[in-house]
Amino acid sequence: MATEITLTDQFIDLEHERGAHNYHPLPVVLDKGEGVYLWDVEGKKYFDFLSAYSAVNQGHCHPKIVQALQDQAQQLCLTSRAFHNSAFGPFAAFITTYFGFDKVLPMNSGAEAVETAIKIARKWGVKKKGIPQEQAQIVVCHGNFHGRTTTIISFSDDQVARKDFGPYTPGFISIPHNDIKALESVFSTNKNIVGFLVEPIQGEAGIFTPDEDYLRNVQQLCNDHEVLFIADEIQTGIARTGSLLAVCGNCSCESSCLRQPDTFAAPDILILGKALSGGVYPVSAVLANHDVMDVIQPGEHGSTFGGNPIAAAVATAALNVVKDESLAQNARKLGQLFRNAMNEYIKNSDIVTLVRGKGLLNAIVINDSPDSGTAWNICMALKENGLLAKPTHGNIIRFAPPLVMSEDELFSCVDIIIKTLSTFEPN
Ligand SMILES: *Cc1c(COP(=O)(O)O)cnc(C)c1O
């Protein structure tokens with residue numbers, strides 16, 4: 001009897017044969033998306049619980065963002081910045097006002113924006129702090145994830161990301177995350193530090209939320225030692241953690257959350273990507289005030305596509321959706337409900353150790369070795385039951401649905417997750 005080759009198998013085989021093997025995807029081939037839902041090529045419907053690593057906060061194919069893309073695409077797509085275009089200036093004014101900074105430098109991917117921040121910080125160190133050439137140091141955290149370029153993997157401690165890709169870029173010092181003493185110590189022993197690059201909540205590492213006062217203390221220490229506080233909010237920003245930015249702390253961002261002195265840990269450089277695109281078209285951005293951003297002069301940095309008209313239109317629409325649909329508040333409310341439901345389950349569970357996170361950036365830790373296949377097998381079973389999630393670091397499963405989810409939909413998802421986990425309980 002000939003075994004039937006499904007459409008899914010055909011697409012996966014083609015990708016495996018002709019695409020580089022730089023990812024290990026779950027074996028599902030997606031074909032359509034709308035809001036919190038995805039459909040595969042067989043027509044099966046799923047809840048998306050990854051949101052393309054938090055790039056799709058506004059939900060799949062949001063009509064207003066897609067419309068902005070279509071409208072701009074029919075008018076003007078790309079000029080490069082050899083010339084001015086009529087979309088970038090208004091976008092720059094919009095995004096800087098939205099986040100409360102003087103200036104923006106637009107790029108495309110997250111990693112490029114991180115590279116941009118590194119270059120700005122180094123040059124700022126030379127010009128404003130008088131650090132000798134090629135001596136600037138940037139402090140980063142153990143377990144960081146900032147992207148995949150040669151320089152960025154140079155200060156990663158993930159051996160998979162790093163091994164065999166040397167020689168590495170020098171100029172980085174790594175300390176533990178959420179350790180203000182370690183930061184103080186490195187600041188007071190090294191006079192060449194120009195920046196502290198940090199994820200406010202470590203995403204890829206497994207959703208590690210620092211102590212409540214950590215980021216405010218970071219800001220204070222950076223200020224005291226004349227070091228730039230560089231917040232990588234590529235994953236945590238744009239409403240994901242229940243505030244417009246994770247550095248907003250517990251401010252609910254109803255109105256002018258930013259710069260509320262009692263909650264806001266103001267970064268000197270803010271790095272955005274992922275959901276700035278609305279999950280539609282790659283856009284990243286680096287925001288800073290004049291004194292920092294003005295160190296960059298013509299010819300010193302850029303990208304052919306950075307600040308292109310489509311990106312400007314898409315990002316503007318994506319940020320408008322976040323405010324118009326109160327996505328931060330929704331993430332905050334649903335996140336609390338989600339963790340409550342999971343904690344209730346965990347009380348009597350042997351397979352799940354804990355749930356942690358903030359807003360709708362959460363993870364559960366599976367009670368098995370990171371080398372075991374258990375978290376992967378749970379994700380496979382979740383897929384069968386109509387929900388897509390992915391393990392990170394072996395035994396951790398990240399749960400990050402689009403922020404446009406309703407309470408009813410969230411409870412349907414909780415049912416699927418609990419029903420699936422139950423089948424993995426011993427006995
Ligand atoms: C995803 C991510 C990046 C890299 O973004 P790309 O668009 O994949 O290059 C950088 N920093 C953080 C915190 C991220 O989550």
# chains A, B, ... in the order shown; residues from 1 in each chain; ligands from 1
>>> residues_near_ligand(ligand="ligand 1", cutoff="10 Å", atoms="only C-alpha atoms and all ligand atoms", output="number ranges by chain")
A: 52-55, 108-115, 144-149, 152, 198-205, 231-237, 271-275, 282-284
>>> residues_around(residues="stretch 179-191 of chain A", least_positions_apart="4", cutoff="8 Å", atoms="only C-alpha atoms", output="ChimeraX atom specification")
/A:175,214,217-218,221,225
>>> residues_around(residues="A:Gly307", least_positions_apart="5", cutoff="10 Å", atoms="only C-alpha atoms", output="PDB file with C-alpha atoms, in the first residue's frame")
ATOM      1  CA  LEU A  78      11.855  52.891  -1.981  1.00  0.00           C
ATOM      2  CA  THR A  79      14.113  55.838  -2.659  1.00  0.00           C
ATOM      3  CA  SER A  80      17.100  55.018  -0.422  1.00  0.00           C
ATOM      4  CA  ARG A  81      18.079  57.939   1.729  1.00  0.00           C
ATOM      5  CA  HIS A  84      14.354  62.590   0.995  1.00  0.00           C
ATOM      6  CA  ASN A  85      10.945  60.932   0.821  1.00  0.00           C
ATOM      7  CA  ALA A  87       6.976  59.318   4.412  1.00  0.00           C
ATOM      8  CA  PHE A  88      10.100  59.206   6.568  1.00  0.00           C
ATOM      9  CA  GLY A  89       9.968  62.713   8.102  1.00  0.00           C
ATOM     10  CA  PHE A  91       7.158  58.875  10.651  1.00  0.00           C
ATOM     11  CA  ALA A  92      10.244  60.136  12.499  1.00  0.00           C
ATOM     12  CA  VAL A 104      15.177  58.083  15.540  1.00  0.00           C
ATOM     13  CA  LEU A 105      17.559  56.089  13.353  1.00  0.00           C
ATOM     14  CA  PRO A 106      15.537  53.592  11.290  1.00  0.00           C
ATOM     15  CA  MET A 107      16.831  50.158  10.292  1.00  0.00           C
ATOM     16  CA  ASN A 108      15.159  46.907   9.178  1.00  0.00           C
ATOM     17  CA  VAL A 283      11.100  47.671  10.550  1.00  0.00           C
ATOM     18  CA  SER A 284      13.444  48.407  13.421  1.00  0.00           C
ATOM     19  CA  ALA A 285      14.392  51.647  15.112  1.00  0.00           C
ATOM     20  CA  GLY A 302      22.815  53.492   7.325  1.00  0.00           C
ATOM     21  CA  ALA A 312       7.347  54.211   7.650  1.00  0.00           C
ATOM     22  CA  ALA A 313       3.689  53.701   6.726  1.00  0.00           C
TER      23      ALA A 313
END
>>> select_by_dssp(residues="stretch 320-413 of chain A", states="alpha helix (DSSP H)", output="VMD selection string")
chain A and resid 320 to 324 327 to 346 374 to 384 407 to 413
>>> closest_residue(among="A:Leu334, A:Val314, A:Ile207, A:Val321", to="A:Gln72", atoms="only C-alpha atoms")
A:Val314
>>> residues_around(residues="A:Leu215", least_positions_apart="6", cutoff="9 Å", atoms="only C-alpha atoms", output="ChimeraX atom specification")
/A:178,200,247,249,264-266
>>> atom_distance(atom1="atom CA of A:Ile12", atom2="atom CA of A:Ile418")
29.1 Å
>>> residues_around(residues="A:Glu425", least_positions_apart="5", cutoff="8 Å", atoms="only C-alpha atoms", output="NGL selection string")
:A and (349-351)
>>> write_last_selection(atoms="all heavy atoms", output="PDB file, in the first residue's frame")
ATOM      1  N   SER A 349       0.320  19.533  39.620  1.00  0.00           N
ATOM      2  CA  SER A 349       1.018  18.994  38.443  1.00  0.00           C
ATOM      3  C   SER A 349       2.413  18.500  38.793  1.00  0.00           C
ATOM      4  O   SER A 349       3.117  19.110  39.599  1.00  0.00           O
ATOM      5  CB  SER A 349       1.127  20.080  37.369  1.00  0.00           C
ATOM      6  OG  SER A 349       1.974  19.654  36.327  1.00  0.00           O
ATOM      7  N   ASP A 350       2.813  17.398  38.161  1.00  0.00           N
ATOM      8  CA  ASP A 350       4.191  16.939  38.276  1.00  0.00           C
ATOM      9  C   ASP A 350       5.008  17.343  37.051  1.00  0.00           C
ATOM     10  O   ASP A 350       6.230  17.388  37.107  1.00  0.00           O
ATOM     11  CB  ASP A 350       4.237  15.407  38.402  1.00  0.00           C
ATOM     12  CG  ASP A 350       3.785  14.957  39.779  1.00  0.00           C
ATOM     13  OD1 ASP A 350       4.194  15.604  40.766  1.00  0.00           O
ATOM     14  OD2 ASP A 350       3.001  13.992  39.857  1.00  0.00           O
ATOM     15  N   ILE A 351       4.334  17.616  35.949  1.00  0.00           N
ATOM     16  CA  ILE A 351       5.051  17.850  34.698  1.00  0.00           C
ATOM     17  C   ILE A 351       5.440  19.327  34.514  1.00  0.00           C
ATOM     18  O   ILE A 351       6.422  19.642  33.847  1.00  0.00           O
ATOM     19  CB  ILE A 351       4.241  17.316  33.470  1.00  0.00           C
ATOM     20  CG1 ILE A 351       5.120  17.221  32.224  1.00  0.00           C
ATOM     21  CG2 ILE A 351       3.003  18.126  33.189  1.00  0.00           C
ATOM     22  CD1 ILE A 351       6.159  16.146  32.268  1.00  0.00           C
TER      23      ILE A 351
END
>>> closest_residue(among="A:Leu26, A:Ala375, A:Ala82, A:Val404", to="A:Thr392", atoms="only C-alpha atoms")
A:Ala375
>>> closest_residue(among="A:Val56, A:Ile346, A:Ile95, A:Leu76", to="A:Ala400", atoms="only C-alpha atoms")
A:Val56
>>> residues_around(residues="A:Ala317", least_positions_apart="4", cutoff="10 Å", atoms="only C-alpha atoms", output="list in words")
His62, Pro63, Lys64, Ile65, Val66, Gln67, Ala68, Leu69, Leu276, Ser277, Gly278, Ala311, Ala312, Ala313, Val321 and Val322 of chain A
>>> write_last_selection(atoms="C-alpha atoms", output="tab-separated table (two decimals), in the first residue's frame")
chain	number	residue	atom	x	y	z
A	62	HIS	CA	-4.37	43.39	10.74
A	63	PRO	CA	-6.60	45.15	8.19
A	64	LYS	CA	-5.42	48.68	9.06
A	65	ILE	CA	-1.74	47.73	8.84
A	66	VAL	CA	-2.21	45.78	5.60
A	67	GLN	CA	-4.16	48.75	4.19
A	68	ALA	CA	-1.32	51.13	5.08
A	69	LEU	CA	1.10	48.79	3.30
A	276	LEU	CA	7.06	47.76	15.29
A	277	SER	CA	6.33	45.98	12.01
A	278	GLY	CA	2.87	44.82	13.07
A	311	ALA	CA	8.33	50.72	6.48
A	312	ALA	CA	7.35	54.21	7.65
A	313	ALA	CA	3.69	53.70	6.73
A	321	VAL	CA	-3.28	49.98	16.42
A	322	VAL	CA	-1.47	49.44	19.74
>>> atom_distance(atom1="atom CA of A:Thr209", atom2="atom CA of A:Cys251")
15.8 Å
>>> closest_residue(among="A:Phe11, A:Phe399, A:Phe47, A:Phe196", to="A:Ala121", atoms="only C-alpha atoms")
A:Phe196
>>> atom_distance(atom1="atom CA of A:Gly130", atom2="atom CA of A:Val227")
12.3 Å
>>> closest_residue(among="A:Ile269, A:Ile153, A:Cys61, A:Cys222", to="A:Ile118", atoms="only C-alpha atoms")
A:Ile269
>>> select_by_dssp(residues="stretch 224-257 of chain A", states="strand (DSSP E or B)", output="JSON, numbers by chain")
{"A": [228, 229, 230, 231, 232]}
>>> write_last_selection(atoms="N, CA and C atoms", output="tab-separated table (two decimals), in the first residue's frame")
chain	number	residue	atom	x	y	z
A	228	LEU	N	25.81	54.90	29.00
A	228	LEU	CA	24.50	54.88	28.35
A	228	LEU	C	23.73	53.62	28.73
A	229	PHE	N	22.49	53.81	29.15
A	229	PHE	CA	21.57	52.71	29.45
A	229	PHE	C	20.87	52.38	28.13
A	230	ILE	N	21.20	51.21	27.57
A	230	ILE	CA	20.68	50.81	26.26
A	230	ILE	C	19.69	49.67	26.46
A	231	ALA	N	18.40	49.95	26.24
A	231	ALA	CA	17.37	48.94	26.46
A	231	ALA	C	17.01	48.27	25.14
A	232	ASP	N	17.23	46.98	25.06
A	232	ASP	CA	16.79	46.21	23.89
A	232	ASP	C	15.37	45.73	24.16
>>> residues_around(residues="A:Lys119", least_positions_apart="5", cutoff="9 Å", atoms="only C-alpha atoms", output="ChimeraX atom specification")
/A:114,124,296,301
>>> closest_residue(among="A:Ile173, A:Val194, A:Ile138, A:Leu361", to="A:Val126", atoms="only C-alpha atoms")
A:Val194
